[in-house]
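Reading through the structure tokens given below for one structure.
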Amino acid sequence: MPSTPTLWRLHGDGRHVTPGQVVSPDERLTWPRTVGLGLQHVVAMFGATFLVPLLTHFSPATTLFFSAIGTVLFLVITRNRLPSYLGSSFAFISPILAATASGGKNLAVGGILVTGLVLAAVGFVVHRAGAGWINALMPPVVTGTIVALIGLNLAPAAWKNYQFAPSAATITLGVILLVTVFFKGILGRLSILVGVVVGYLVTWLGGNVMGWSTFGSLDFATVGKAKWFGFPEFTTPHFSWSLLGLFVPVVLVLIAENVGHVKSVAAMTGKDLDPLTGRALFADGVATTLAGIGGGSGTTTYAENIGVMAATRVYSTAAYWVAAAAAFVLSMSPKFGALIATIPGGVLGGATTMLYGMIGILGARIWVQNKVDFSDPVHLASAAVPLVIAIANFRWKLGNLEFTGIALGAGAALVIYHGMRWVERWRGTGQEPASPASVPVPEERAAR
């Protein structure tokens, strides 16, 4: 794939965004303003990107390192035409936790690597053959279901963290909810980050200063020992066929997230970006593969950064080069990573109660946006059964392979939808969707 980047031309006077227009990916504002916007993107992705390594016990600095490298690769592979920051994907949380519990961190990292390779292969095929087959394989009812079941499958993990320090967790959650509706613009979009910061300070004040056990406490021992500058710690991947079933379904979610990102940016900039879909998938696959080689979290495009672009109307890829550079610099400070790792479980419990629920509702949002008709029994079954499988965390062993809630739910969504549609077409038994017009009038009921 050619990867020659396109540089930027100045938008207007470089100081203002022209009324009614946006700063396109191939444009930029003055460099001081571009740097400021890039740092704003770092802040936007910060809370969510660090939650994944904190919840999965990965190194925050390592995750940030591969996030920065992955963002640069994404910009190069998409020829500098698609603005995106690659942060930690929440779709990996459950597989990582399960793999780590079964065989250790190295096997979890190996699962991330394999996921990246599969996604890169999908991206290559899409680039050559087009994205039509993805839309046929994963219609909105299936895509929404898979996204929703990932968030709902993680609900018990949120409750587990919440119990570490209920008071701090409740305050964290309350602040997130309040900030979401109290502030406009970028601050309102950063509600999870603000909630975590406030929860952190409350834990320190209530636990460390006042000694109240219900708030938990902070342990700064590792922060004092950590160096100011140095490479993050890397982890060698190991592989187990029995655990790959946990990770491969994540590819479906990453496909949905990347395709959604391309369409969102295209809608907001008025540009046809569909030809870049294959490149976006391939780039995220490469970034996730690299993360798997060294021990970082798998990557994906970020809705938080979409929010920043929508609020500022600046879609310049130049800002993302700045964001990647800033993230790389931060990742080279072990002390900074150690400080992030001190965020306590109770605070994470409050944040993830909101976050995992949001992931579930994002799946429902896909249904609503695409007007999925649940009076269609095929649509209804394709969502209902997989959601129960994921929430209850069904398990199925096939030889040395073990499939759990997310993998089984994602597979069920695909099999049920396409299987029922095939039988429906074969038998000619498609049911008329229930609607007010389909209710028999009194004369019809009497005749029956």
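A note on labels: chains of the structure tokens are A, B, ... as shown, every chain counts residues from 1, and ligands are counted from 1 in their shown order.
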Practice task
Pick out the residues sitting within 7 Å of segment 330-347 of chain A, and hand them over as a ChimeraX atom specification; count only C-alpha atoms, and ignore anything fewer than 4 positions along from it in its own chain.
Solution key: /A:54,60-62,64-65,161-166,168-169,172,196,199-200,218-220,222-223,226-232,326,351
For Asn106 of chain A, please output as a ChimeraX atom specification all residues within 8 Å (counting only C-alpha atoms; exclusion window: fewer than 3 positions along the same chain).
-> /A:100,103,109-110,235-239,295
task: Excluding Ser316 of chain A and residues on its chain fewer than 2 positions from it, collect all residues at most 10 Å away from it, counting only C-alpha atoms, and give them as a count of residues only.
output: 26
With distances taken over only C-alpha atoms, the candidate from A:Ser382, A:Ser167, A:Thr78, A:Ser240 nearest Ala413 of chain A is A:Ser382
Practice prompt. Identify, with DSSP run on backbone atoms, the residues in segment 126-187 of chain A assigned to helix (DSSP H, G or I), and express the list as a PyMOL selection string.
Written response: chain A and resi 126-129+132-137+140-153+155-162+166-182+185-187
Using only C-alpha atoms, which of A:Ala364, A:Ala412, A:Leu39, A:Leu137 sits nearest Phe394 of chain A?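 Among the listed residues, the smallest separation from Phe394 of chain A belongs to A:Ala412.
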- request: Write out as a PyMOL selection string which residues come within 8 Å of Leu73 of chain A when counting only C-alpha atoms, dropping same-chain ones fewer than 2 positions away.
  value: chain A and resi 69-71+75-77+283+286-287
Open item on the list: Between A:Gly224, A:Gly104, A:Pro19, A:Pro95, which residue has the minimum interatomic distance to Leu244 of chain A, considering only C-alpha atoms?
Closed with: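 The answer is A:Pro95, which sits nearest to Leu244 of chain A.
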Of A:Thr170, A:Thr63, A:Asn153, A:Asn258, the one sitting nearest Ile134 of chain A when using only C-alpha atoms is A:Asn258
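Between Gly357 of chain A and the residues A:Gly151, A:Asp373, A:Leu387, A:Val308, the shortest atom-to-atom distance, using only C-alpha atoms, involves A:Gly151.
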A straight line from atom CA of Ser88 of chain A to atom CA of Thr49 of chain A spans 4.7 Å
